[in-house]
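Undergrad: Just so it is clear, I am handing over start.pdb, which has PDB, C-alpha atoms, pLDDT in the B column.
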```pdb
ATOM      1  CA  MET A  15       0.000   0.000   0.000  1.00 58.00           C
ATOM      2  CA  THR A  16       1.570   3.247  -1.147  1.00 78.00           C
ATOM      3  CA  SER A  17       1.412   6.221   1.187  1.00 90.00           C
ATOM      4  CA  LYS A  18       0.399   9.596  -0.184  1.00 96.00           C
ATOM      5  CA  ALA A  19      -0.962  13.037   0.539  1.00 98.00           C
ATOM      6  CA  VAL A  20      -4.514  13.979  -0.330  1.00 98.00           C
ATOM      7  CA  ILE A  21      -4.776  17.725  -0.826  1.00 98.00           C
ATOM      8  CA  ILE A  22      -8.346  18.855  -0.253  1.00 98.00           C
ATOM      9  CA  MET A  23      -9.181  22.384  -1.338  1.00 97.00           C
ATOM     10  CA  GLY A  24     -12.160  24.348  -0.108  1.00 95.00           C
ATOM     11  CA  SER A  25     -12.728  25.626  -3.640  1.00 94.00           C
ATOM     12  CA  GLU A  26     -11.164  25.573  -7.075  1.00 94.00           C
ATOM     13  CA  ARG A  27      -9.664  29.020  -6.334  1.00 93.00           C
ATOM     14  CA  ASP A  28      -7.177  27.206  -4.094  1.00 94.00           C
ATOM     15  CA  LEU A  29      -5.690  25.224  -6.992  1.00 96.00           C
ATOM     16  CA  ASP A  30      -2.665  27.441  -7.700  1.00 95.00           C
ATOM     17  CA  PHE A  31      -1.712  27.444  -4.015  1.00 95.00           C
ATOM     18  CA  SER A  32      -2.208  23.678  -3.861  1.00 97.00           C
ATOM     19  CA  ARG A  33       0.037  23.246  -6.887  1.00 98.00           C
ATOM     20  CA  GLU A  34       2.814  24.941  -4.899  1.00 97.00           C
ATOM     21  CA  ILE A  35       2.442  22.304  -2.186  1.00 98.00           C
ATOM     22  CA  ALA A  36       2.392  19.581  -4.850  1.00 98.00           C
ATOM     23  CA  LYS A  37       5.596  20.948  -6.378  1.00 98.00           C
ATOM     24  CA  TYR A  38       7.459  20.313  -3.111  1.00 98.00           C
ATOM     25  CA  LEU A  39       5.757  16.957  -2.529  1.00 98.00           C
ATOM     26  CA  LYS A  40       6.901  15.837  -5.972  1.00 98.00           C
ATOM     27  CA  LEU A  41      10.434  17.066  -5.247  1.00 97.00           C
ATOM     28  CA  LEU A  42      10.423  15.018  -2.035  1.00 98.00           C
ATOM     29  CA  GLY A  43       9.033  11.920  -3.760  1.00 97.00           C
ATOM     30  CA  VAL A  44       5.569  11.962  -2.220  1.00 98.00           C
ATOM     31  CA  THR A  45       2.576  10.863  -4.268  1.00 97.00           C
ATOM     32  CA  TYR A  46      -0.454  13.146  -4.013  1.00 98.00           C
ATOM     33  CA  GLU A  47      -4.007  13.638  -5.221  1.00 98.00           C
ATOM     34  CA  PHE A  48      -6.223  16.713  -5.408  1.00 98.00           C
ATOM     35  CA  ARG A  49      -9.850  16.955  -4.291  1.00 98.00           C
ATOM     36  CA  VAL A  50     -12.289  19.856  -3.846  1.00 98.00           C
ATOM     37  CA  ALA A  51     -14.923  19.874  -1.124  1.00 97.00           C
ATOM     38  CA  SER A  52     -16.277  22.366   1.369  1.00 96.00           C
ATOM     39  CA  ALA A  53     -17.136  21.690   4.995  1.00 94.00           C
ATOM     40  CA  HIS A  54     -19.745  24.454   4.787  1.00 93.00           C
ATOM     41  CA  LYS A  55     -21.260  23.774   1.372  1.00 95.00           C
ATOM     42  CA  THR A  56     -20.621  20.074   0.632  1.00 96.00           C
ATOM     43  CA  PRO A  57     -19.987  18.309   3.965  1.00 97.00           C
ATOM     44  CA  LEU A  58     -21.303  14.994   2.623  1.00 98.00           C
ATOM     45  CA  THR A  59     -18.719  15.130  -0.167  1.00 98.00           C
ATOM     46  CA  VAL A  60     -15.999  15.656   2.438  1.00 98.00           C
ATOM     47  CA  LEU A  61     -17.208  12.584   4.298  1.00 98.00           C
ATOM     48  CA  GLU A  62     -17.279  10.583   1.046  1.00 98.00           C
ATOM     49  CA  ILE A  63     -13.647  11.540   0.403  1.00 98.00           C
ATOM     50  CA  LEU A  64     -12.683  10.415   3.900  1.00 98.00           C
ATOM     51  CA  LYS A  65     -14.438   7.099   3.329  1.00 98.00           C
ATOM     52  CA  GLU A  66     -12.657   6.681  -0.027  1.00 97.00           C
ATOM     53  CA  PHE A  67      -9.240   6.826   1.680  1.00 97.00           C
ATOM     54  CA  GLU A  68     -10.219   5.141   4.951  1.00 95.00           C
ATOM     55  CA  ASN A  69      -8.004   2.079   4.420  1.00 95.00           C
ATOM     56  CA  GLU A  70      -5.013   3.842   2.887  1.00 95.00           C
ATOM     57  CA  LYS A  71      -1.826   5.280   4.375  1.00 95.00           C
ATOM     58  CA  ILE A  72      -2.458   8.958   3.742  1.00 96.00           C
ATOM     59  CA  ILE A  73      -2.123  12.399   5.189  1.00 98.00           C
ATOM     60  CA  TYR A  74      -4.708  15.055   4.481  1.00 98.00           C
ATOM     61  CA  VAL A  75      -3.486  18.497   3.529  1.00 98.00           C
ATOM     62  CA  THR A  76      -6.308  21.003   3.716  1.00 97.00           C
ATOM     63  CA  VAL A  77      -6.230  24.264   1.816  1.00 96.00           C
ATOM     64  CA  ALA A  78      -8.998  26.631   2.827  1.00 91.00           C
ATOM     65  CA  GLY A  79      -8.949  30.235   3.886  1.00 76.00           C
ATOM     66  CA  ARG A  80     -11.430  32.700   5.315  1.00 76.00           C
ATOM     67  CA  SER A  81     -13.554  30.583   7.640  1.00 77.00           C
ATOM     68  CA  ASN A  82     -11.585  27.343   7.559  1.00 85.00           C
ATOM     69  CA  ALA A  83     -13.962  24.733   8.895  1.00 91.00           C
ATOM     70  CA  LEU A  84     -12.542  22.194   6.437  1.00 94.00           C
ATOM     71  CA  SER A  85      -9.434  21.303   8.436  1.00 94.00           C
ATOM     72  CA  ALA A  86     -11.190  20.803  11.767  1.00 94.00           C
ATOM     73  CA  PHE A  87     -14.129  19.012  10.131  1.00 96.00           C
ATOM     74  CA  ILE A  88     -11.799  16.548   8.436  1.00 97.00           C
ATOM     75  CA  ASP A  89      -9.700  16.086  11.567  1.00 96.00           C
ATOM     76  CA  GLY A  90     -12.786  15.378  13.650  1.00 97.00           C
ATOM     77  CA  ASN A  91     -13.898  12.685  11.215  1.00 97.00           C
ATOM     78  CA  THR A  92     -10.664  10.779  10.543  1.00 97.00           C
ATOM     79  CA  THR A  93      -7.804   9.146  12.394  1.00 97.00           C
ATOM     80  CA  LYS A  94      -5.367  10.242   9.672  1.00 97.00           C
ATOM     81  CA  PRO A  95      -3.053  13.226  10.201  1.00 98.00           C
ATOM     82  CA  VAL A  96      -4.367  16.573   8.957  1.00 97.00           C
ATOM     83  CA  ILE A  97      -2.121  19.472   7.998  1.00 97.00           C
ATOM     84  CA  ALA A  98      -3.986  22.743   7.542  1.00 95.00           C
ATOM     85  CA  ILE A  99      -2.360  25.255   5.252  1.00 95.00           C
ATOM     86  CA  PRO A 100      -4.598  28.278   4.817  1.00 90.00           C
ATOM     87  CA  PRO A 101      -3.546  30.532   1.936  1.00 86.00           C
ATOM     88  CA  TYR A 102      -2.599  34.034   3.024  1.00 77.00           C
ATOM     89  CA  SER A 103      -5.210  36.626   2.147  1.00 74.00           C
ATOM     90  CA  GLU A 104      -4.160  40.245   1.815  1.00 74.00           C
ATOM     91  CA  LYS A 105      -7.840  41.148   1.998  1.00 73.00           C
ATOM     92  CA  TYR A 106      -7.986  40.047   5.632  1.00 67.00           C
ATOM     93  CA  GLY A 107      -4.417  40.968   6.549  1.00 67.00           C
ATOM     94  CA  GLY A 108      -3.707  37.423   7.696  1.00 69.00           C
ATOM     95  CA  THR A 109      -6.361  37.442  10.415  1.00 65.00           C
ATOM     96  CA  ASP A 110      -8.285  34.625   8.736  1.00 69.00           C
ATOM     97  CA  ILE A 111      -5.593  32.203   9.942  1.00 70.00           C
ATOM     98  CA  TYR A 112      -7.304  32.243  13.334  1.00 65.00           C
ATOM     99  CA  SER A 113     -10.046  29.979  11.970  1.00 73.00           C
ATOM    100  CA  SER A 114      -7.326  27.370  11.423  1.00 76.00           C
ATOM    101  CA  LEU A 115      -5.732  27.902  14.835  1.00 74.00           C
ATOM    102  CA  ARG A 116      -8.768  28.297  17.087  1.00 78.00           C
ATOM    103  CA  VAL A 117     -10.574  24.998  16.710  1.00 83.00           C
ATOM    104  CA  PRO A 118     -12.862  22.979  19.003  1.00 78.00           C
ATOM    105  CA  SER A 119     -11.502  20.631  21.658  1.00 86.00           C
ATOM    106  CA  GLY A 120     -10.603  17.179  20.415  1.00 85.00           C
ATOM    107  CA  ILE A 121      -9.152  18.489  17.147  1.00 89.00           C
ATOM    108  CA  GLY A 122      -5.461  17.876  16.444  1.00 87.00           C
ATOM    109  CA  SER A 123      -4.795  19.340  13.025  1.00 92.00           C
ATOM    110  CA  VAL A 124      -1.392  20.939  12.507  1.00 93.00           C
ATOM    111  CA  VAL A 125      -1.165  24.389  10.918  1.00 92.00           C
ATOM    112  CA  THR A 126       1.557  25.784   8.689  1.00 93.00           C
ATOM    113  CA  ILE A 127       1.408  28.639   6.195  1.00 92.00           C
ATOM    114  CA  GLU A 128       4.145  27.773   3.721  1.00 95.00           C
ATOM    115  CA  PRO A 129       3.713  25.195   0.934  1.00 97.00           C
ATOM    116  CA  GLU A 130       7.274  23.962   1.451  1.00 98.00           C
ATOM    117  CA  GLY A 131       6.662  23.498   5.184  1.00 97.00           C
ATOM    118  CA  ALA A 132       3.493  21.502   4.550  1.00 98.00           C
ATOM    119  CA  ALA A 133       5.331  19.205   2.128  1.00 98.00           C
ATOM    120  CA  ILE A 134       8.194  18.718   4.587  1.00 98.00           C
ATOM    121  CA  ALA A 135       5.744  17.832   7.389  1.00 98.00           C
ATOM    122  CA  VAL A 136       3.927  15.348   5.148  1.00 98.00           C
ATOM    123  CA  THR A 137       7.200  13.744   4.103  1.00 98.00           C
ATOM    124  CA  LYS A 138       8.512  13.446   7.647  1.00 97.00           C
ATOM    125  CA  ILE A 139       5.322  11.782   8.858  1.00 97.00           C
ATOM    126  CA  LEU A 140       5.228   9.349   5.945  1.00 97.00           C
ATOM    127  CA  ALA A 141       8.972   8.693   6.365  1.00 97.00           C
ATOM    128  CA  LEU A 142       8.244   7.038   9.696  1.00 96.00           C
ATOM    129  CA  ASN A 143       7.291   3.957   7.656  1.00 94.00           C
ATOM    130  CA  ASP A 144       9.086   4.573   4.362  1.00 96.00           C
ATOM    131  CA  ASN A 145      12.883   4.469   4.133  1.00 96.00           C
ATOM    132  CA  ASN A 146      12.899   5.997   0.644  1.00 96.00           C
ATOM    133  CA  LEU A 147      11.086   9.069   1.937  1.00 97.00           C
ATOM    134  CA  LEU A 148      13.401   9.139   4.938  1.00 97.00           C
ATOM    135  CA  ASP A 149      16.367   9.307   2.556  1.00 97.00           C
ATOM    136  CA  ASN A 150      14.606  11.988   0.512  1.00 97.00           C
ATOM    137  CA  ILE A 151      13.970  14.233   3.511  1.00 97.00           C
ATOM    138  CA  LYS A 152      17.550  13.801   4.762  1.00 98.00           C
ATOM    139  CA  THR A 153      18.896  14.735   1.327  1.00 98.00           C
ATOM    140  CA  TYR A 154      16.563  17.739   1.134  1.00 97.00           C
ATOM    141  CA  GLN A 155      17.649  18.999   4.544  1.00 97.00           C
ATOM    142  CA  ASN A 156      21.331  18.467   3.745  1.00 97.00           C
ATOM    143  CA  ASN A 157      20.934  20.405   0.488  1.00 97.00           C
ATOM    144  CA  LYS A 158      19.378  23.305   2.405  1.00 96.00           C
ATOM    145  CA  LYS A 159      22.300  23.271   4.839  1.00 96.00           C
ATOM    146  CA  GLN A 160      24.818  23.228   1.966  1.00 96.00           C
ATOM    147  CA  GLU A 161      23.066  26.205   0.346  1.00 95.00           C
ATOM    148  CA  LEU A 162      23.512  28.170   3.572  1.00 95.00           C
ATOM    149  CA  GLU A 163      27.134  27.134   3.927  1.00 95.00           C
ATOM    150  CA  GLN A 164      27.834  28.234   0.343  1.00 94.00           C
ATOM    151  CA  ALA A 165      26.042  31.540   0.987  1.00 93.00           C
ATOM    152  CA  ASN A 166      28.169  32.031   4.091  1.00 92.00           C
ATOM    153  CA  GLU A 167      31.384  31.447   2.142  1.00 91.00           C
ATOM    154  CA  SER A 168      30.281  33.873  -0.579  1.00 91.00           C
ATOM    155  CA  ILE A 169      29.386  36.567   1.938  1.00 91.00           C
ATOM    156  CA  LYS A 170      32.658  36.180   3.832  1.00 87.00           C
ATOM    157  CA  LYS A 171      34.538  36.967   0.598  1.00 85.00           C
ATOM    158  CA  LEU A 172      32.680  40.276   0.261  1.00 84.00           C
ATOM    159  CA  ALA A 173      34.169  41.701   3.453  1.00 71.00           C
TER
END
```
Mind turning the file's structure into structure tokens?
TA:
Amino acid sequence: MTSKAVIIMGSERDLDFSREIAKYLKLLGVTYEFRVASAHKTPLTVLEILKEFENEKIIYVTVAGRSNALSAFIDGNTTKPVIAIPPYSEKYGGTDIYSSLRVPSGIGSVVTIEPEGAAIAVTKILALNDNNLLDNIKTYQNNKKQELEQANESIKKLA
């Protein structure tokens, strides 16, 4: 059984943002699928999606802004990990993130705001049972460290 991420968007407007997450997942070697469903408007569809993946090794990545009921609704109805990644909205000056942070008791979704961070979290969780993903995340982190070391050497030469 292959592990993967299921990225559920609150609306089709979240597709470009979700593609950013997918870009990093692909880079890290994580399989993913896209779905669209709204906790407010199509809650039965959300539940159908959860049932579809009930017996699979997956992590849900939820992309919904404004009033993000999607993440908490999914988390309350599954035993799978849920990573909420609300897109930043200039219109609300970032205050809409509170709907992802302030959730009812018994909800354990994790919140991050960067597509790269969401992909890293997904990969690390899935790497607990997948040595290939473990190698991928180690390589990714080492590459980031090398980039910083190279930047440090370049900057030192400027002095």
Undergrad: With only C-alpha atoms as the basis for distance, which of A:Val44, A:Leu148, A:Val20, A:Leu84 is at the shortest distance from Glu68 of chain A?
TA: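 The closest residue to Glu68 of chain A is A:Val20.
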Undergrad: What does the structure give for the distance between atom CA of Ser113 of chain A and atom CA of Ala78 of chain A, in Å to one decimal?
TA: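 These two atoms are separated by 9.8 Å.
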Undergrad: Could you pull the residues within 7 Å of Pro95 of chain A, counting all atoms listed in the file, minus those fewer than 6 positions along the same chain, as JSON, numbers by chain?
TA: {"A": [73, 74, 123]}
Undergrad: For segment 133-140 of chain A, work out the shell of residues within 9 Å, counting all atoms listed in the file and skipping chain neighbours fewer than 5 positions away, then give it as a PyMOL selection string.
TA: chain A and resi 17-19+35-40+42-44+71-75+95+97+128+147-148+150-151
Undergrad: Find the residue from A:Asn156, A:Asn91, A:Asn146, A:Ser85 that sits nearest to Leu58 of chain A; use all atoms listed in the file when measuring.
TA: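 Ranked by minimum distance to Leu58 of chain A, first place goes to A:Asn91.
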Undergrad: Record the distance separating atom CA of Thr59 of chain A and atom CA of Gly131 of chain A, expressed in Å with one decimal.
TA: 27.3 Å
Undergrad: Work out how far apart atom CA of Glu161 of chain A and atom CA of Ser32 of chain A are and give it in Å to one decimal.
TA: 25.7 Å
Undergrad: Could you please give me, as a list in words, the residues of protein, DNA or RNA lying at most 10 Å from (-11.5, 22.9, -3.3) in the coordinate frame of the file, considering all atoms listed in the file?
TA: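 Checked against the point, the hits come out as Ile21, Ile22, Met23, Gly24, Ser25, Glu26, Arg27, Asp28, Leu29, Ser32, Phe48, Arg49, Val50, Ala51, Ser52, Thr76, Val77, Ala78 and Leu84 of chain A.
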Undergrad: Quick check on the file I pasted: which residues fall under the PyMOL selection byres ((chain A and resi 125) around 9)? Write them as an mmCIF file with C-alpha atoms, in the coordinates of the input.
TA:
```
data_model
loop_
_atom_site.group_PDB
_atom_site.id
_atom_site.type_symbol
_atom_site.label_atom_id
_atom_site.label_comp_id
_atom_site.auth_asym_id
_atom_site.auth_seq_id
_atom_site.Cartn_x
_atom_site.Cartn_y
_atom_site.Cartn_z
ATOM 1 C CA VAL A 96 -4.367 16.573 8.957
ATOM 2 C CA ILE A 97 -2.121 19.472 7.998
ATOM 3 C CA ALA A 98 -3.986 22.743 7.542
ATOM 4 C CA ILE A 99 -2.360 25.255 5.252
ATOM 5 C CA PRO A 100 -4.598 28.278 4.817
ATOM 6 C CA SER A 114 -7.326 27.370 11.423
ATOM 7 C CA LEU A 115 -5.732 27.902 14.835
ATOM 8 C CA SER A 123 -4.795 19.340 13.025
ATOM 9 C CA VAL A 124 -1.392 20.939 12.507
ATOM 10 C CA THR A 126 1.557 25.784 8.689
ATOM 11 C CA ILE A 127 1.408 28.639 6.195
ATOM 12 C CA ALA A 132 3.493 21.502 4.550
#
```
Undergrad: Choose the residue, out of A:Ile88, A:Leu142, A:Lys152, A:Ser103, that has the smallest atom-to-atom separation from Gly122 of chain A; count all atoms listed in the file.
TA: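 For Gly122 of chain A, the nearest of the given residues is A:Ile88.
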